[in-house]
$ cat entry-v9.pdb   # PDB, C-alpha atoms
ATOM      1  CA  MET A   1     -12.305  57.679 -31.102
ATOM      2  CA  PRO A   2     -14.215  57.013 -34.347
ATOM      3  CA  VAL A   3     -13.680  53.638 -35.980
ATOM      4  CA  PRO A   4     -12.224  53.914 -39.521
ATOM      5  CA  ALA A   5     -14.197  52.493 -42.432
ATOM      6  CA  TRP A   6     -11.702  49.694 -42.948
ATOM      7  CA  CYS A   7     -12.160  48.036 -39.584
ATOM      8  CA  GLY A   8     -14.568  47.230 -36.823
ATOM      9  CA  LYS A   9     -14.769  45.855 -33.322
ATOM     10  CA  ARG A  10     -15.638  42.341 -34.411
ATOM     11  CA  GLY A  11     -15.462  42.488 -38.185
ATOM     12  CA  ALA A  12     -13.356  43.938 -40.966
ATOM     13  CA  ILE A  13     -13.377  44.481 -44.712
ATOM     14  CA  TRP A  14     -10.892  45.645 -47.299
ATOM     15  CA  ASN A  15     -11.481  49.225 -48.281
ATOM     16  CA  ALA A  16     -13.231  49.113 -51.660
ATOM     17  CA  ALA A  17     -11.863  52.599 -52.422
ATOM     18  CA  GLY A  18      -8.357  51.158 -52.756
ATOM     19  CA  PHE A  19      -5.130  50.674 -50.830
ATOM     20  CA  PHE A  20      -4.189  54.336 -50.508
ATOM     21  CA  PRO A  21      -7.131  55.340 -48.263
ATOM     22  CA  LEU A  22      -6.321  52.395 -46.013
ATOM     23  CA  GLN A  23      -2.744  53.617 -45.599
ATOM     24  CA  GLU A  24      -3.837  57.168 -44.880
ATOM     25  CA  GLU A  25      -6.441  56.133 -42.303
ATOM     26  CA  ARG A  26      -3.728  54.493 -40.217
ATOM     27  CA  LEU A  27      -1.654  57.641 -39.849
ATOM     28  CA  PRO A  28      -3.360  59.085 -36.742
ATOM     29  CA  VAL A  29      -2.911  55.953 -34.631
ATOM     30  CA  VAL A  30       0.696  55.579 -35.791
ATOM     31  CA  GLU A  31       1.466  59.195 -34.952
ATOM     32  CA  ARG A  32       0.026  59.095 -31.434
ATOM     33  CA  THR A  33       1.292  55.637 -30.421
ATOM     34  CA  ARG A  34       4.470  55.598 -28.349
ATOM     35  CA  ARG A  35       4.977  51.853 -27.975
ATOM     36  CA  PHE A  36       4.477  49.488 -30.913
ATOM     37  CA  ARG A  37       4.471  45.697 -30.681
ATOM     38  CA  THR A  38       4.135  43.711 -33.904
ATOM     39  CA  TYR A  39       4.050  40.013 -34.746
ATOM     40  CA  SER A  40       4.570  38.915 -38.360
ATOM     41  CA  PRO A  41       3.920  35.224 -39.176
ATOM     42  CA  THR A  42       3.733  35.442 -42.979
ATOM     43  CA  LEU A  43       5.207  38.687 -44.359
ATOM     44  CA  VAL A  44       7.484  41.474 -43.160
ATOM     45  CA  CYS A  45       5.273  44.127 -41.573
ATOM     46  CA  GLY A  46       4.619  47.435 -43.315
ATOM     47  CA  LEU A  47       6.862  49.617 -41.162
ATOM     48  CA  LEU A  48       9.845  47.461 -42.101
ATOM     49  CA  GLN A  49       9.083  46.908 -45.784
ATOM     50  CA  THR A  50      11.031  48.287 -48.722
ATOM     51  CA  ALA A  51       9.103  50.001 -51.504
ATOM     52  CA  ALA A  52       9.641  47.061 -53.875
ATOM     53  CA  TYR A  53       8.470  44.542 -51.269
ATOM     54  CA  THR A  54       5.365  46.609 -50.538
ATOM     55  CA  GLU A  55       4.545  46.903 -54.222
ATOM     56  CA  ASP A  56       4.820  43.144 -54.700
ATOM     57  CA  VAL A  57       2.583  42.480 -51.691
ATOM     58  CA  LEU A  58      -0.136  44.924 -52.733
ATOM     59  CA  ARG A  59      -0.152  43.809 -56.358
ATOM     60  CA  ASN A  60      -0.457  40.224 -55.167
ATOM     61  CA  VAL A  61      -3.457  41.158 -53.010
ATOM     62  CA  ARG A  62      -4.999  43.046 -55.919
ATOM     63  CA  THR A  63      -5.065  39.882 -58.039
ATOM     64  CA  ARG A  64      -7.730  38.604 -55.622
ATOM     65  CA  ARG A  65      -9.531  41.866 -54.813
ATOM     66  CA  ASP A  66     -11.609  44.144 -57.000
ATOM     67  CA  VAL A  67      -9.982  47.408 -55.912
ATOM     68  CA  PRO A  68      -8.613  50.395 -57.861
ATOM     69  CA  ASP A  69      -4.981  50.322 -58.966
ATOM     70  CA  ASP A  70      -3.605  52.879 -56.545
ATOM     71  CA  VAL A  71      -0.709  50.637 -55.560
ATOM     72  CA  MET A  72       2.048  53.190 -56.139
ATOM     73  CA  GLU A  73       0.212  55.861 -54.150
ATOM     74  CA  ALA A  74      -0.180  53.370 -51.317
ATOM     75  CA  VAL A  75       3.501  52.437 -51.512
ATOM     76  CA  ALA A  76       4.492  56.112 -51.247
ATOM     77  CA  SER A  77       2.176  56.589 -48.250
ATOM     78  CA  ARG A  78       3.636  53.571 -46.463
ATOM     79  CA  MET A  79       7.202  54.722 -47.083
ATOM     80  CA  THR A  80       6.341  58.145 -45.656
ATOM     81  CA  ARG A  81       4.819  56.531 -42.577
ATOM     82  CA  GLN A  82       8.071  54.704 -41.902
ATOM     83  CA  ARG A  83       9.607  57.999 -40.785
ATOM     84  CA  VAL A  84       8.137  57.288 -37.347
ATOM     85  CA  LEU A  85      10.973  54.779 -36.869
ATOM     86  CA  LEU A  86      13.316  57.745 -36.528
ATOM     87  CA  ASP A  87      11.287  59.249 -33.681
ATOM     88  CA  ARG A  88      13.328  58.449 -30.583
ATOM     89  CA  GLY A  89      10.268  59.104 -28.454
ATOM     90  CA  LYS A  90       8.704  55.925 -29.815
ATOM     91  CA  GLU A  91       9.612  52.312 -29.085
ATOM     92  CA  PHE A  92       9.204  49.499 -31.596
ATOM     93  CA  ALA A  93       9.293  45.769 -30.922
ATOM     94  CA  PHE A  94       9.002  43.478 -33.936
ATOM     95  CA  VAL A  95       8.768  39.691 -33.840
ATOM     96  CA  ILE A  96       9.069  37.861 -37.150
ATOM     97  CA  GLU A  97       8.896  34.143 -37.870
ATOM     98  CA  GLU A  98      12.114  32.821 -39.398
ATOM     99  CA  HIS A  99      10.394  31.427 -42.497
ATOM    100  CA  VAL A 100       9.259  34.973 -43.379
ATOM    101  CA  LEU A 101      12.909  35.694 -44.181
ATOM    102  CA  ARG A 102      12.792  33.136 -46.995
ATOM    103  CA  ASN A 103       9.187  33.329 -48.217
ATOM    104  CA  ALA A 104       7.823  36.230 -50.260
ATOM    105  CA  VAL A 105       5.727  37.082 -53.280
ATOM    106  CA  GLY A 106       8.646  38.869 -54.987
ATOM    107  CA  ASP A 107      11.934  37.742 -56.500
ATOM    108  CA  ALA A 108      15.352  37.125 -54.942
ATOM    109  CA  ARG A 109      16.595  40.649 -55.625
ATOM    110  CA  THR A 110      13.646  42.177 -53.798
ATOM    111  CA  GLN A 111      14.049  39.763 -50.901
ATOM    112  CA  ILE A 112      17.758  40.543 -50.526
ATOM    113  CA  GLU A 113      16.944  44.255 -50.435
ATOM    114  CA  GLN A 114      14.271  43.557 -47.831
ATOM    115  CA  LEU A 115      16.624  41.548 -45.643
ATOM    116  CA  ASP A 116      19.191  44.326 -45.876
ATOM    117  CA  ARG A 117      16.510  46.712 -44.634
ATOM    118  CA  LEU A 118      15.897  44.481 -41.624
ATOM    119  CA  LEU A 119      19.609  44.430 -40.834
ATOM    120  CA  THR A 120      19.912  48.209 -40.902
ATOM    121  CA  THR A 121      16.644  48.915 -39.077
ATOM    122  CA  ALA A 122      17.629  46.530 -36.298
ATOM    123  CA  GLU A 123      20.509  48.887 -35.494
ATOM    124  CA  LEU A 124      18.173  51.740 -34.548
ATOM    125  CA  PRO A 125      18.300  52.364 -30.776
ATOM    126  CA  ASN A 126      14.510  52.413 -30.401
ATOM    127  CA  VAL A 127      13.933  49.192 -32.361
ATOM    128  CA  ARG A 128      13.946  45.675 -30.904
ATOM    129  CA  LEU A 129      13.846  42.969 -33.578
ATOM    130  CA  GLY A 130      13.211  39.339 -32.737
ATOM    131  CA  ILE A 131      13.277  36.325 -35.057
ATOM    132  CA  VAL A 132      11.463  33.183 -33.921
ATOM    133  CA  PRO A 133      13.607  30.251 -35.103
ATOM    134  CA  GLY A 134      11.831  27.466 -36.943
ATOM    135  CA  GLY A 135      11.586  24.151 -35.154
ATOM    136  CA  LEU A 136       9.452  21.573 -33.394
ATOM    137  CA  GLY A 137       7.962  21.555 -29.914
ATOM    138  CA  ARG A 138       6.969  25.211 -29.875
ATOM    139  CA  ALA A 139       5.273  26.562 -26.769
ATOM    140  CA  ARG A 140       3.166  29.049 -28.744
ATOM    141  CA  VAL A 141       1.939  29.350 -32.331
ATOM    142  CA  ALA A 142      -0.125  32.411 -33.263
ATOM    143  CA  PRO A 143      -2.279  31.995 -36.379
ATOM    144  CA  GLU A 144      -2.526  35.658 -37.348
ATOM    145  CA  GLY A 145      -0.330  38.711 -37.516
ATOM    146  CA  PHE A 146      -1.142  41.585 -35.187
ATOM    147  CA  TRP A 147      -0.132  44.987 -33.833
ATOM    148  CA  VAL A 148      -0.494  46.275 -30.289
ATOM    149  CA  TYR A 149      -0.602  50.081 -29.983
ATOM    150  CA  ASP A 150       0.416  51.145 -26.474
ATOM    151  CA  SER A 151      -2.251  49.587 -24.256
ATOM    152  CA  ASP A 152      -5.085  51.201 -26.193
ATOM    153  CA  ALA A 153      -5.777  48.988 -29.205
ATOM    154  CA  ALA A 154      -4.768  45.937 -31.190
ATOM    155  CA  SER A 155      -5.050  45.444 -34.940
ATOM    156  CA  VAL A 156      -5.331  41.896 -36.275
ATOM    157  CA  GLU A 157      -4.719  40.792 -39.862
ATOM    158  CA  LEU A 158      -7.516  38.691 -41.346
ATOM    159  CA  VAL A 159      -8.118  37.213 -44.778
ATOM    160  CA  SER A 160     -10.969  39.698 -45.236
ATOM    161  CA  GLY A 161      -9.096  42.751 -43.958
ATOM    162  CA  TYR A 162      -8.170  44.112 -40.529
ATOM    163  CA  LEU A 163      -9.876  43.818 -37.187
ATOM    164  CA  ARG A 164      -9.447  46.605 -34.637
ATOM    165  CA  LEU A 165      -9.865  45.702 -30.982
ATOM    166  CA  THR A 166     -10.152  48.280 -28.206
ATOM    167  CA  ALA A 167     -11.651  46.356 -25.267
ATOM    168  CA  PRO A 168      -8.950  46.214 -22.555
ATOM    169  CA  ALA A 169      -9.228  42.425 -22.196
ATOM    170  CA  ASP A 170      -8.743  41.929 -25.933
ATOM    171  CA  VAL A 171      -5.754  44.254 -26.102
ATOM    172  CA  GLN A 172      -4.155  42.578 -23.099
ATOM    173  CA  ALA A 173      -4.667  39.141 -24.638
ATOM    174  CA  TYR A 174      -2.610  40.139 -27.676
ATOM    175  CA  ALA A 175      -0.017  41.858 -25.490
ATOM    176  CA  ASP A 176       0.373  38.608 -23.547
ATOM    177  CA  VAL A 177       0.740  36.552 -26.734
ATOM    178  CA  PHE A 178       3.333  39.004 -28.003
ATOM    179  CA  ALA A 179       5.319  38.653 -24.789
ATOM    180  CA  GLU A 180       5.350  34.867 -25.208
ATOM    181  CA  LEU A 181       6.472  35.060 -28.823
ATOM    182  CA  ASP A 182       9.099  37.660 -28.014
ATOM    183  CA  GLY A 183      10.414  35.352 -25.318
ATOM    184  CA  MET A 184      10.832  32.607 -27.926
ATOM    185  CA  ALA A 185      12.626  34.864 -30.383
ATOM    186  CA  ALA A 186      16.327  35.350 -31.029
ATOM    187  CA  HIS A 187      17.505  38.951 -30.576
ATOM    188  CA  ASP A 188      20.565  41.105 -31.177
ATOM    189  CA  ASP A 189      23.463  39.195 -32.780
ATOM    190  CA  GLU A 190      21.519  35.939 -32.917
ATOM    191  CA  ALA A 191      18.684  37.582 -34.827
ATOM    192  CA  LEU A 192      21.097  39.314 -37.196
ATOM    193  CA  ALA A 193      22.796  35.973 -37.855
ATOM    194  CA  LEU A 194      19.493  34.378 -38.846
ATOM    195  CA  ILE A 195      18.779  37.230 -41.232
ATOM    196  CA  ALA A 196      22.279  37.060 -42.719
ATOM    197  CA  ARG A 197      21.945  33.298 -43.209
ATOM    198  CA  ALA A 198      18.655  33.764 -45.068
ATOM    199  CA  ARG A 199      20.213  36.501 -47.188
ATOM    200  CA  ALA A 200      23.129  34.258 -48.146
ATOM    201  CA  ALA A 201      20.675  31.704 -49.532
ATOM    202  CA  PHE A 202      19.505  34.245 -52.137
ATOM    203  CA  ALA A 203      22.959  35.547 -53.127
TER     204      ALA A 203
END

$ encode --input "entry-v9.pdb" --output "structure tokens"
Amino acid sequence: MPVPAWCGKRGAIWNAAGFFPLQEERLPVVERTRRFRTYSPTLVCGLLQTAAYTEDVLRNVRTRRDVPDDVMEAVASRMTRQRVLLDRGKEFAFVIEEHVLRNAVGDARTQIEQLDRLLTTAELPNVRLGIVPGGLGRARVAPEGFWVYDSDAASVELVSGYLRLTAPADVQAYADVFAELDGMAAHDDEALALIARARAAFA
């Protein structure tokens, strides 16, 4: 499988052509993957974002990157990609740190809308949503966000862009970390309660 321009085995860069090409280059792997595992330590991941949340995130990135202003095209592409959540042949497991529910680059209105999206998406039968409660004495802290696509690849978020890993040992390492974090997370009603509590703080 050819490696997209935006990533590499041991290095990654932001696509100088803009955000939209980056979104489009991810479509093939999203379409063929059957099992998704995602850890989000700082922001809600793209498949769960609202359009307003995505726009705020990309415009914030653009303040530090010399890239074309194709933010709205990228937002539209990401929203289209979210249709995969409705594919019952795919399984999605998301683990989000609790502080992500309260921290964002947007305003309270956008964050409330985003939290509502989490509440509704968590009801999908093929989605498992976990929230890692904040606290001391944690058994595992992961410094970066990442995706695991089946057992074929892992994508890691870096300051400079995205790193794509395909070596089996690398992919398994991230799968193992995900399993640990998922084991620490609250699920089902407990997870929904944490989201609702964060939402109430913005109301």

$ residues_around --input "entry-v9.pdb" --residues "A:Arg102" --least-positions-apart "4" --cutoff "8 Å" --atoms "only C-alpha atoms" --output "list in words"
Glu98, Gln111 and Ala198 of chain A

$ residues_around --input "entry-v9.pdb" --residues "A:Gln172" --least-positions-apart "6" --cutoff "12 Å" --atoms "only C-alpha atoms" --output "VMD selection string"
chain A and resid 37 147 to 154 165 to 166 178 to 179

$ atom_distance --input "entry-v9.pdb" --atom1 "atom CA of A:Gly134" --atom2 "atom CA of A:Asp182"
13.8 Å

$ residues_around --input "entry-v9.pdb" --residues "stretch 29-34 of chain A" --least-positions-apart "3" --cutoff "9 Å" --atoms "only C-alpha atoms" --output "PyMOL selection string"
chain A and resi 25-26+81+84+89-92+149-150+152

$ resolve_selection --input "entry-v9.pdb" --expression "the PyMOL selection byres ((chain A and resi 195) around 8)" --output "MDAnalysis selection string"
chainID A and resid 101 115 118:119 191:194 196:199

$ resolve_selection --input "entry-v9.pdb" --expression "the PyMOL selection byres ((chain A and resi 135-141) around 9)" --output "VMD selection string"
chain A and resid 133 to 134 142 to 143 177 180 to 181 184

$ resolve_selection --input "entry-v9.pdb" --expression "the PyMOL selection byres ((chain A and resi 97) around 9)" --output "ChimeraX atom specification"
/A:39-43,95-96,98-101,130-134,185

$ atom_distance --input "entry-v9.pdb" --atom1 "atom CA of A:Leu22" --atom2 "atom CA of A:Pro125"
29.0 Å

$ atom_distance --input "entry-v9.pdb" --atom1 "atom CA of A:Val57" --atom2 "atom CA of A:Gly106"
7.8 Å

$ closest_residue --input "entry-v9.pdb" --among "A:Leu86, A:Ala175, A:Ala52, A:Val105" --to "A:Met72" --atoms "all atoms listed in the file"
A:Ala52

$ closest_residue --input "entry-v9.pdb" --among "A:Glu144, A:Asp116, A:Glu73, A:Glu55" --to "A:Tyr162" --atoms "all atoms listed in the file"
A:Glu144

$ closest_residue --input "entry-v9.pdb" --among "A:Thr121, A:Ala200, A:Glu190, A:Ala169" --to "A:Arg83" --atoms "only C-alpha atoms"
A:Thr121

$ closest_residue --input "entry-v9.pdb" --among "A:Leu27, A:Ala74, A:Leu163, A:Leu85" --to "A:Leu47" --atoms "all atoms listed in the file"
A:Leu85

$ build_atoms --input "entry-v9.pdb" --residues "stretch 171-182 of chain A" --atoms "all heavy atoms" --output "JSON list (two decimals), keeping the file's coordinate frame"
[["chain", "number", "residue", "atom", "x", "y", "z"],
["A", 171, "VAL", "N", -7.08, 43.68, -25.89],
["A", 171, "VAL", "CA", -5.75, 44.25, -26.10],
["A", 171, "VAL", "C", -4.72, 43.53, -25.25],
["A", 171, "VAL", "O", -3.63, 43.18, -25.70],
["A", 171, "VAL", "CB", -5.76, 45.76, -25.80],
["A", 171, "VAL", "CG1", -4.35, 46.34, -25.96],
["A", 171, "VAL", "CG2", -6.74, 46.49, -26.73],
["A", 172, "GLN", "N", -5.08, 43.27, -24.00],
["A", 172, "GLN", "CA", -4.16, 42.58, -23.10],
["A", 172, "GLN", "C", -3.87, 41.16, -23.56],
["A", 172, "GLN", "O", -2.74, 40.66, -23.42],
["A", 172, "GLN", "CB", -4.71, 42.56, -21.68],
["A", 172, "GLN", "CG", -3.74, 42.02, -20.63],
["A", 172, "GLN", "CD", -2.46, 42.83, -20.57],
["A", 172, "GLN", "OE1", -2.51, 44.06, -20.45],
["A", 172, "GLN", "NE2", -1.30, 42.18, -20.66],
["A", 173, "ALA", "N", -4.87, 40.51, -24.14],
["A", 173, "ALA", "CA", -4.67, 39.14, -24.64],
["A", 173, "ALA", "C", -3.59, 39.12, -25.71],
["A", 173, "ALA", "O", -2.70, 38.24, -25.71],
["A", 173, "ALA", "CB", -5.98, 38.58, -25.18],
["A", 174, "TYR", "N", -3.63, 40.10, -26.62],
["A", 174, "TYR", "CA", -2.61, 40.14, -27.68],
["A", 174, "TYR", "C", -1.26, 40.59, -27.12],
["A", 174, "TYR", "O", -0.21, 40.13, -27.57],
["A", 174, "TYR", "CB", -3.08, 41.03, -28.83],
["A", 174, "TYR", "CG", -3.99, 40.28, -29.76],
["A", 174, "TYR", "CD1", -5.36, 40.36, -29.63],
["A", 174, "TYR", "CD2", -3.46, 39.47, -30.77],
["A", 174, "TYR", "CE1", -6.21, 39.64, -30.47],
["A", 174, "TYR", "CE2", -4.30, 38.75, -31.61],
["A", 174, "TYR", "CZ", -5.67, 38.84, -31.45],
["A", 174, "TYR", "OH", -6.49, 38.11, -32.29],
["A", 175, "ALA", "N", -1.27, 41.46, -26.13],
["A", 175, "ALA", "CA", -0.02, 41.86, -25.49],
["A", 175, "ALA", "C", 0.64, 40.66, -24.82],
["A", 175, "ALA", "O", 1.88, 40.49, -24.88],
["A", 175, "ALA", "CB", -0.27, 42.96, -24.48],
["A", 176, "ASP", "N", -0.17, 39.80, -24.20],
["A", 176, "ASP", "CA", 0.37, 38.61, -23.55],
["A", 176, "ASP", "C", 0.94, 37.63, -24.57],
["A", 176, "ASP", "O", 2.01, 37.04, -24.35],
["A", 176, "ASP", "CB", -0.72, 37.92, -22.73],
["A", 176, "ASP", "CG", -1.14, 38.73, -21.51],
["A", 176, "ASP", "OD1", -0.40, 39.66, -21.11],
["A", 176, "ASP", "OD2", -2.23, 38.45, -20.96],
["A", 177, "VAL", "N", 0.24, 37.44, -25.68],
["A", 177, "VAL", "CA", 0.74, 36.55, -26.73],
["A", 177, "VAL", "C", 2.05, 37.09, -27.30],
["A", 177, "VAL", "O", 3.00, 36.35, -27.54],
["A", 177, "VAL", "CB", -0.31, 36.38, -27.86],
["A", 177, "VAL", "CG1", 0.29, 35.63, -29.05],
["A", 177, "VAL", "CG2", -1.52, 35.64, -27.34],
["A", 178, "PHE", "N", 2.10, 38.41, -27.49],
["A", 178, "PHE", "CA", 3.33, 39.00, -28.00],
["A", 178, "PHE", "C", 4.49, 38.74, -27.06],
["A", 178, "PHE", "O", 5.60, 38.40, -27.49],
["A", 178, "PHE", "CB", 3.18, 40.51, -28.22],
["A", 178, "PHE", "CG", 4.42, 41.13, -28.79],
["A", 178, "PHE", "CD1", 4.62, 41.16, -30.16],
["A", 178, "PHE", "CD2", 5.40, 41.67, -27.95],
["A", 178, "PHE", "CE1", 5.78, 41.70, -30.69],
["A", 178, "PHE", "CE2", 6.56, 42.20, -28.47],
["A", 178, "PHE", "CZ", 6.76, 42.22, -29.85],
["A", 179, "ALA", "N", 4.25, 38.88, -25.76],
["A", 179, "ALA", "CA", 5.32, 38.65, -24.79],
["A", 179, "ALA", "C", 5.83, 37.22, -24.87],
["A", 179, "ALA", "O", 7.05, 36.98, -24.78],
["A", 179, "ALA", "CB", 4.81, 38.96, -23.38],
["A", 180, "GLU", "N", 4.93, 36.26, -25.06],
["A", 180, "GLU", "CA", 5.35, 34.87, -25.21],
["A", 180, "GLU", "C", 6.20, 34.67, -26.45],
["A", 180, "GLU", "O", 7.26, 34.02, -26.41],
["A", 180, "GLU", "CB", 4.13, 33.96, -25.27],
["A", 180, "GLU", "CG", 3.37, 33.81, -23.97],
["A", 180, "GLU", "CD", 2.28, 32.77, -24.10],
["A", 180, "GLU", "OE1", 2.60, 31.59, -24.30],
["A", 180, "GLU", "OE2", 1.09, 33.14, -24.01],
["A", 181, "LEU", "N", 5.74, 35.22, -27.56],
["A", 181, "LEU", "CA", 6.47, 35.06, -28.82],
["A", 181, "LEU", "C", 7.82, 35.76, -28.77],
["A", 181, "LEU", "O", 8.83, 35.25, -29.26],
["A", 181, "LEU", "CB", 5.63, 35.61, -29.97],
["A", 181, "LEU", "CG", 4.35, 34.82, -30.28],
["A", 181, "LEU", "CD1", 3.42, 35.64, -31.17],
["A", 181, "LEU", "CD2", 4.68, 33.49, -30.94],
["A", 182, "ASP", "N", 7.84, 36.93, -28.15],
["A", 182, "ASP", "CA", 9.10, 37.66, -28.01],
["A", 182, "ASP", "C", 10.08, 36.87, -27.15],
["A", 182, "ASP", "O", 11.30, 36.88, -27.40],
["A", 182, "ASP", "CB", 8.83, 39.03, -27.40],
["A", 182, "ASP", "CG", 10.06, 39.93, -27.42],
["A", 182, "ASP", "OD1", 10.63, 40.14, -28.50],
["A", 182, "ASP", "OD2", 10.44, 40.42, -26.34]]
